[in-house]
Amino acid sequence: MMTRMRGIICMVLAFMLVLFALPVMAQTDSPQANAEQIRQQLFTTQSKLMLGDTAAAATALQSASERYTSSLKPIFNKSFPELAASIDKDFKRASDALQAGDSLTLAIARGSIWTDFLSASTQLAAQAVKANDGKAAAEWLLLREFTASTKFSRPNSDATKAVQAFIAGTGNAEDALAAIHNDLFDTYQAQLTSSLANADDAHKNDFALRRAEEVGLAAGYFNIIASTYGEQRGEAALKQTLQVFNALERTAISGDKYGYELNMQTVQAALKGFRAAPLSETDQARRAGQLIRFVDLVAIEYKRGIRDGVVVKDIEIQEATTFLEASTAAFNDISQTLEKQDVDKSNRVATLLAQMKTQIQTTADPNALQASVDDIQKTLKEIVPEKWQQVASTSDMDVIVSVLDQIPVAVKSNQYDLAESARLEAYGLLELGMEQRLRGFAPDMAAQIEGLFWQGGTDTSTGGIMPGLASQIATRAPLADIKLTIATLKSTFVQAQQIMDAGKSTPTIVISNSAIIVFREGLEAVLILASLLASLRTLEERQFRRPIAIGAALAFVATGLTWWAANALLQTMLPLGERLEAIVSLIAIGVLLVITNWFFHKVYWTGWMAGFHSKKRTLVNGVAVITAGQMIGLIILGFTSIYREGFESVLFMQSLVLEAGLGVVLQGVALGLVGVGIVGVITFTLQRKLPYKKMLVVTGIMIGFVLLTMVGNTVHVMQVVGWMPITPIIGLNLPLWLGQWFGLFATWQGIGFQIAAAVFVIGSYFWAEHINKTRRENKVSTGIDQKEQQESVVVSSIESHA
């Protein structure tokens, strides 16, 4: 009985061991595990050769070759026979180098094998997505490299996230393929840049083996992204660059110093301005803002760490070096665009960045480094597009968040002094950048952020007590608590950015505003045209209707051409950035003041209509058959009666186009035109009378609200670009949606100008009523002359039609 029981227990234990071992065995047989094993065995080969143990080196190389042959080679042979042949060739080159005791050639062969693995995994992941096999794509994505993580960058994971979404059904194949391409190609171009820099440093220090290893890796990374290089630069340029990389490998092996430096310069020139995964314009603008901020911080950190030509604080010099690396990376990302602005000045920035690296390495005078920084900033101001310089607050936020990420790392290592240094640095960036504007637009939030940086305070949303980073670091608070405070800070930064951007109306508001304006102006045009045509009642007069209608149609076409011309003009002025939006918004406000001005509509508009009827009578009275001159005159009459309304609409719409984009505005225009079309059909086809006067009043009130919103948003933009001071209304806290929907912000300037606009519009109404009353009293007391009687008849006919 006991024997049987022991047998059962042994069987259960064996079964459990198998279950435990299966996942482990699966992991050790994955593409990533096999590739890493081969890479490690090749490293062992290199190490043993350097130590003179050729037998052990040969054993390690044989193990690497056998593992490759049994695991990865069958897959590569099937999918990429040319790549598999290249790897076989590199293994043969490694074997020959080992036999010859040539460690430099072996180092290059190692780099080529590894980067060929990366190239294969990139392509196989994309193939798996195309075959709708998300799990296989995820497995191959494990065999990859990541961009070196610093406090200014984090390891890319866009491809992994996109494939996970594809597997879960929340993402599509197209997005996954784009993420794989952009993520991996961006990573391997960064690795290419890093390897070339490392090779150059090794060359300067006569580290031949390190130089050869980095050159081999660089050539391999370039091979991964070579197809994109060929698409952008052409096949001839690609072929020439590949030849230069081969020559660079040969000179790294031979030790030809002059040849190596010449080929390295050629490679750097060939890669200049190339980006395998191009950045969007928004990302380029953000990188430009980061470059401007990072360069300043290089000098600040360096000055703290140097005294009388001696390094007194190593950590500050490391910080300066890190900021310089981040500056160089940001510049490389946008250099191609800057070269289009001015190639000489762009090259000047590149030279100065290299000069700063030398100054730090040689512990130069901080004043000399500051001079280099000042020169860079002056040059950047001249060549960085103006609209890119407007995203400084977003870039500041990126940098602040990056610096804050140092704090948990330092606390985890029990280096609270470094954590405090990072906190002060982040707070300094806040003061230099967005804090002043945030104090104007949202003083309570600015106070909350400051409290989170220092001793804490009251949470305005919950009423509870929130801790501050300064007190937490001083009392050596637990890592989890510090992480929570940093997470709260990041969340508050996001809200702060929303407040900064709140001057942008929501798409719904833009659509409704443009629809209201188009409908209002179209309604006036219909009323004018209906009044002119309706007065031509007799059979003889009806022949004059056609040329007036032709003129109105031409006015509609001219309005379209005016729209195109205005939009083209704005495109040439886009470098002005938010300043252009402020200028165009001021013009739009002027148009709205004209539209909403009751004095204009009660007095001038009636005179405008009377003038049209007077011209019409001059052209048609006593004429039985229309002449060419009369035809042209009536066409002009129809054109001028309608084009004014279209011109006003075009001027107003340009502000909305800058704010929300052409597509959003056109939706509102289409909606307004549909309304105008319905009114036109009812008026001209069905010949029914509508309550035009009431419709004009209602749309006038709606436009009044549009005016107030635009005034508030325009003041906000002018404050953002620094054209108007910011004076917060202490104690007044307005929700974000009031800014987005009605342009209401808690500043004296914004609300003051909105009140002034409202007073102007309402006041013009009462002023018009006063003038009309005065005119009526004068007519009663003095009588009406013949001309006034004629105008009165015209006006009465207009009002009766309305």
# chains A, B, ... in the order shown; residues from 1 in each chain; ligands from 1
$ residues_around --residues "segment 467-481 of chain A" --least-positions-apart "5" --cutoff "9 Å" --atoms "only C-alpha atoms" --output "PyMOL selection string"
chain A and resi 408+411-412+414+416-417+419-420+423-424+450-458+486
$ residues_around --residues "Leu42 of chain A" --least-positions-apart "6" --cutoff "9 Å" --atoms "only C-alpha atoms" --output "PyMOL selection string"
chain A and resi 57+60-61+63-64+110
$ write_last_selection --atoms "all heavy atoms" --output "PDB file, in the first residue's frame"
ATOM      1  N   ALA A  57      37.577  29.644 -27.524  1.00  0.00           N
ATOM      2  CA  ALA A  57      36.925  30.544 -28.474  1.00  0.00           C
ATOM      3  C   ALA A  57      36.279  29.757 -29.606  1.00  0.00           C
ATOM      4  O   ALA A  57      35.150  30.043 -30.026  1.00  0.00           O
ATOM      5  CB  ALA A  57      37.938  31.540 -29.024  1.00  0.00           C
ATOM      6  N   ALA A  60      33.067  28.053 -28.396  1.00  0.00           N
ATOM      7  CA  ALA A  60      31.958  29.000 -28.272  1.00  0.00           C
ATOM      8  C   ALA A  60      31.400  29.367 -29.644  1.00  0.00           C
ATOM      9  O   ALA A  60      30.179  29.447 -29.838  1.00  0.00           O
ATOM     10  CB  ALA A  60      32.429  30.244 -27.537  1.00  0.00           C
ATOM     11  N   LEU A  61      32.290  29.581 -30.625  1.00  0.00           N
ATOM     12  CA  LEU A  61      31.833  29.916 -31.969  1.00  0.00           C
ATOM     13  C   LEU A  61      31.053  28.764 -32.583  1.00  0.00           C
ATOM     14  O   LEU A  61      30.026  28.969 -33.246  1.00  0.00           O
ATOM     15  CB  LEU A  61      33.024  30.294 -32.849  1.00  0.00           C
ATOM     16  CG  LEU A  61      32.686  30.687 -34.296  1.00  0.00           C
ATOM     17  CD1 LEU A  61      31.741  31.879 -34.322  1.00  0.00           C
ATOM     18  CD2 LEU A  61      33.960  30.996 -35.090  1.00  0.00           C
ATOM     19  N   SER A  63      29.354  26.477 -30.961  1.00  0.00           N
ATOM     20  CA  SER A  63      28.055  26.420 -30.278  1.00  0.00           C
ATOM     21  C   SER A  63      27.096  27.468 -30.853  1.00  0.00           C
ATOM     22  O   SER A  63      25.910  27.187 -31.070  1.00  0.00           O
ATOM     23  CB  SER A  63      28.233  26.645 -28.790  1.00  0.00           C
ATOM     24  OG  SER A  63      29.021  25.634 -28.207  1.00  0.00           O
ATOM     25  N   ALA A  64      27.609  28.661 -31.114  1.00  0.00           N
ATOM     26  CA  ALA A  64      26.765  29.719 -31.686  1.00  0.00           C
ATOM     27  C   ALA A  64      26.273  29.325 -33.064  1.00  0.00           C
ATOM     28  O   ALA A  64      25.098  29.493 -33.397  1.00  0.00           O
ATOM     29  CB  ALA A  64      27.554  31.019 -31.751  1.00  0.00           C
ATOM     30  N   ARG A 110      30.673  39.901 -35.621  1.00  0.00           N
ATOM     31  CA  ARG A 110      29.702  39.782 -34.526  1.00  0.00           C
ATOM     32  C   ARG A 110      28.586  40.828 -34.667  1.00  0.00           C
ATOM     33  O   ARG A 110      27.394  40.516 -34.543  1.00  0.00           O
ATOM     34  CB  ARG A 110      30.383  39.995 -33.177  1.00  0.00           C
ATOM     35  CG  ARG A 110      31.183  38.826 -32.656  1.00  0.00           C
ATOM     36  CD  ARG A 110      31.910  39.219 -31.377  1.00  0.00           C
ATOM     37  NE  ARG A 110      31.026  39.862 -30.420  1.00  0.00           N
ATOM     38  CZ  ARG A 110      31.346  40.932 -29.708  1.00  0.00           C
ATOM     39  NH1 ARG A 110      32.546  41.490 -29.846  1.00  0.00           N
ATOM     40  NH2 ARG A 110      30.489  41.442 -28.848  1.00  0.00           N
TER      41      ARG A 110
END
$ residues_around --residues "segment 29-36 of chain A" --least-positions-apart "6" --cutoff "9 Å" --atoms "only C-alpha atoms" --output "mmCIF file with all heavy atoms, in the first residue's frame"
data_model
loop_
_atom_site.group_PDB
_atom_site.id
_atom_site.type_symbol
_atom_site.label_atom_id
_atom_site.label_comp_id
_atom_site.auth_asym_id
_atom_site.auth_seq_id
_atom_site.Cartn_x
_atom_site.Cartn_y
_atom_site.Cartn_z
ATOM 1 N N ARG A 67 23.614 26.480 -32.800
ATOM 2 C CA ARG A 67 22.309 26.969 -32.317
ATOM 3 C C ARG A 67 21.598 27.752 -33.414
ATOM 4 O O ARG A 67 20.376 27.624 -33.593
ATOM 5 C CB ARG A 67 22.493 27.827 -31.071
ATOM 6 C CG ARG A 67 21.175 28.377 -30.514
ATOM 7 C CD ARG A 67 21.384 29.122 -29.212
ATOM 8 N NE ARG A 67 21.555 28.204 -28.104
ATOM 9 C CZ ARG A 67 20.552 27.739 -27.348
ATOM 10 N NH1 ARG A 67 19.302 28.092 -27.619
ATOM 11 N NH2 ARG A 67 20.788 26.926 -26.347
ATOM 12 N N TYR A 68 22.328 28.573 -34.133
ATOM 13 C CA TYR A 68 21.717 29.309 -35.237
ATOM 14 C C TYR A 68 21.167 28.357 -36.289
ATOM 15 O O TYR A 68 20.031 28.520 -36.764
ATOM 16 C CB TYR A 68 22.729 30.269 -35.869
ATOM 17 C CG TYR A 68 22.262 30.821 -37.197
ATOM 18 C CD1 TYR A 68 21.196 31.709 -37.260
ATOM 19 C CD2 TYR A 68 22.886 30.434 -38.387
ATOM 20 C CE1 TYR A 68 20.750 32.203 -38.479
ATOM 21 C CE2 TYR A 68 22.451 30.929 -39.610
ATOM 22 C CZ TYR A 68 21.375 31.812 -39.647
ATOM 23 O OH TYR A 68 20.927 32.285 -40.853
ATOM 24 N N SER A 71 17.945 26.602 -34.995
ATOM 25 C CA SER A 71 16.792 27.379 -34.515
ATOM 26 C C SER A 71 16.328 28.454 -35.494
ATOM 27 O O SER A 71 15.200 28.392 -36.003
ATOM 28 C CB SER A 71 17.133 28.021 -33.167
ATOM 29 O OG SER A 71 18.262 28.874 -33.298
ATOM 30 N N LEU A 72 17.156 29.387 -35.801
ATOM 31 C CA LEU A 72 16.734 30.549 -36.588
ATOM 32 C C LEU A 72 16.946 30.401 -38.089
ATOM 33 O O LEU A 72 16.171 30.930 -38.885
ATOM 34 C CB LEU A 72 17.487 31.800 -36.102
ATOM 35 C CG LEU A 72 17.229 32.204 -34.639
ATOM 36 C CD1 LEU A 72 18.084 33.418 -34.290
ATOM 37 C CD2 LEU A 72 15.764 32.502 -34.402
ATOM 38 N N TRP A 114 24.458 40.047 -35.388
ATOM 39 C CA TRP A 114 23.414 40.508 -34.476
ATOM 40 C C TRP A 114 22.424 41.449 -35.165
ATOM 41 O O TRP A 114 21.201 41.302 -35.018
ATOM 42 C CB TRP A 114 24.040 41.201 -33.272
ATOM 43 C CG TRP A 114 23.027 41.861 -32.373
ATOM 44 C CD1 TRP A 114 22.880 43.182 -32.136
ATOM 45 C CD2 TRP A 114 22.016 41.199 -31.597
ATOM 46 N NE1 TRP A 114 21.846 43.411 -31.269
ATOM 47 C CE2 TRP A 114 21.292 42.209 -30.915
ATOM 48 C CE3 TRP A 114 21.653 39.877 -31.413
ATOM 49 C CZ2 TRP A 114 20.232 41.927 -30.064
ATOM 50 C CZ3 TRP A 114 20.586 39.590 -30.564
ATOM 51 C CH2 TRP A 114 19.895 40.603 -29.902
ATOM 52 N N PHE A 117 20.020 39.647 -37.333
ATOM 53 C CA PHE A 117 18.932 39.073 -36.532
ATOM 54 C C PHE A 117 17.834 40.122 -36.311
ATOM 55 O O PHE A 117 16.637 39.836 -36.435
ATOM 56 C CB PHE A 117 19.451 38.591 -35.177
ATOM 57 C CG PHE A 117 20.271 37.329 -35.236
ATOM 58 C CD1 PHE A 117 20.901 36.841 -34.102
ATOM 59 C CD2 PHE A 117 20.434 36.621 -36.420
ATOM 60 C CE1 PHE A 117 21.657 35.684 -34.132
ATOM 61 C CE2 PHE A 117 21.191 35.457 -36.465
ATOM 62 C CZ PHE A 117 21.804 34.992 -35.322
ATOM 63 N N SER A 121 13.919 39.982 -37.567
ATOM 64 C CA SER A 121 12.786 40.036 -36.640
ATOM 65 C C SER A 121 11.841 41.183 -36.988
ATOM 66 O O SER A 121 10.622 41.048 -36.867
ATOM 67 C CB SER A 121 13.290 40.183 -35.204
ATOM 68 O OG SER A 121 13.876 41.458 -35.004
ATOM 69 N N GLU A 139 5.747 37.836 -30.665
ATOM 70 C CA GLU A 139 6.912 37.014 -30.321
ATOM 71 C C GLU A 139 8.165 37.543 -31.010
ATOM 72 O O GLU A 139 9.225 37.634 -30.384
ATOM 73 C CB GLU A 139 6.650 35.558 -30.715
ATOM 74 C CG GLU A 139 7.750 34.610 -30.279
ATOM 75 C CD GLU A 139 7.429 33.161 -30.600
ATOM 76 O OE1 GLU A 139 6.743 32.911 -31.613
ATOM 77 O OE2 GLU A 139 7.875 32.292 -29.853
ATOM 78 N N TRP A 140 8.033 37.913 -32.282
ATOM 79 C CA TRP A 140 9.209 38.423 -32.995
ATOM 80 C C TRP A 140 9.614 39.805 -32.492
ATOM 81 O O TRP A 140 10.788 40.176 -32.552
ATOM 82 C CB TRP A 140 8.956 38.462 -34.496
ATOM 83 C CG TRP A 140 9.101 37.110 -35.131
ATOM 84 C CD1 TRP A 140 8.114 36.323 -35.625
ATOM 85 C CD2 TRP A 140 10.320 36.377 -35.303
ATOM 86 N NE1 TRP A 140 8.624 35.138 -36.088
ATOM 87 C CE2 TRP A 140 9.988 35.145 -35.897
ATOM 88 C CE3 TRP A 140 11.655 36.634 -34.994
ATOM 89 C CZ2 TRP A 140 10.934 34.184 -36.210
ATOM 90 C CZ3 TRP A 140 12.608 35.683 -35.300
ATOM 91 C CH2 TRP A 140 12.252 34.472 -35.908
ATOM 92 N N LEU A 141 8.640 40.573 -31.986
ATOM 93 C CA LEU A 141 8.967 41.905 -31.459
ATOM 94 C C LEU A 141 9.800 41.848 -30.190
ATOM 95 O O LEU A 141 10.386 42.854 -29.785
ATOM 96 C CB LEU A 141 7.686 42.695 -31.186
ATOM 97 C CG LEU A 141 7.091 43.464 -32.372
ATOM 98 C CD1 LEU A 141 5.832 44.199 -31.947
ATOM 99 C CD2 LEU A 141 8.106 44.434 -32.961
ATOM 100 N N LEU A 142 9.835 40.682 -29.555
ATOM 101 C CA LEU A 142 10.696 40.539 -28.380
ATOM 102 C C LEU A 142 12.166 40.578 -28.765
ATOM 103 O O LEU A 142 13.021 40.923 -27.935
ATOM 104 C CB LEU A 142 10.379 39.227 -27.655
ATOM 105 C CG LEU A 142 8.978 39.118 -27.037
ATOM 106 C CD1 LEU A 142 8.762 37.712 -26.474
ATOM 107 C CD2 LEU A 142 8.800 40.160 -25.950
ATOM 108 N N LEU A 143 12.447 40.232 -30.024
ATOM 109 C CA LEU A 143 13.825 40.274 -30.515
ATOM 110 C C LEU A 143 14.055 41.650 -31.138
ATOM 111 O O LEU A 143 13.849 41.866 -32.325
ATOM 112 C CB LEU A 143 14.062 39.160 -31.544
ATOM 113 C CG LEU A 143 15.433 39.134 -32.243
ATOM 114 C CD1 LEU A 143 16.577 39.206 -31.259
ATOM 115 C CD2 LEU A 143 15.542 37.902 -33.132
ATOM 116 N N ARG A 144 14.442 42.583 -30.311
ATOM 117 C CA ARG A 144 14.646 43.966 -30.763
ATOM 118 C C ARG A 144 15.540 44.698 -29.772
ATOM 119 O O ARG A 144 15.876 44.172 -28.711
ATOM 120 C CB ARG A 144 13.310 44.700 -30.866
ATOM 121 C CG ARG A 144 12.561 44.792 -29.544
ATOM 122 C CD ARG A 144 11.478 45.850 -29.577
ATOM 123 N NE ARG A 144 12.041 47.182 -29.725
ATOM 124 C CZ ARG A 144 11.295 48.292 -29.823
ATOM 125 N NH1 ARG A 144 9.989 48.214 -29.791
ATOM 126 N NH2 ARG A 144 11.874 49.473 -29.951
#
$ residues_around --residues "segment 364-370 of chain A" --least-positions-apart "4" --cutoff "12 Å" --atoms "only C-alpha atoms" --output "PyMOL selection string"
chain A and resi 295-311+317+320+324+352-360+374-377
$ residues_around --residues "Gln232 of chain A" --least-positions-apart "3" --cutoff "12 Å" --atoms "only C-alpha atoms" --output "ChimeraX atom specification"
/A:225-229,235-238,270-271,273-278
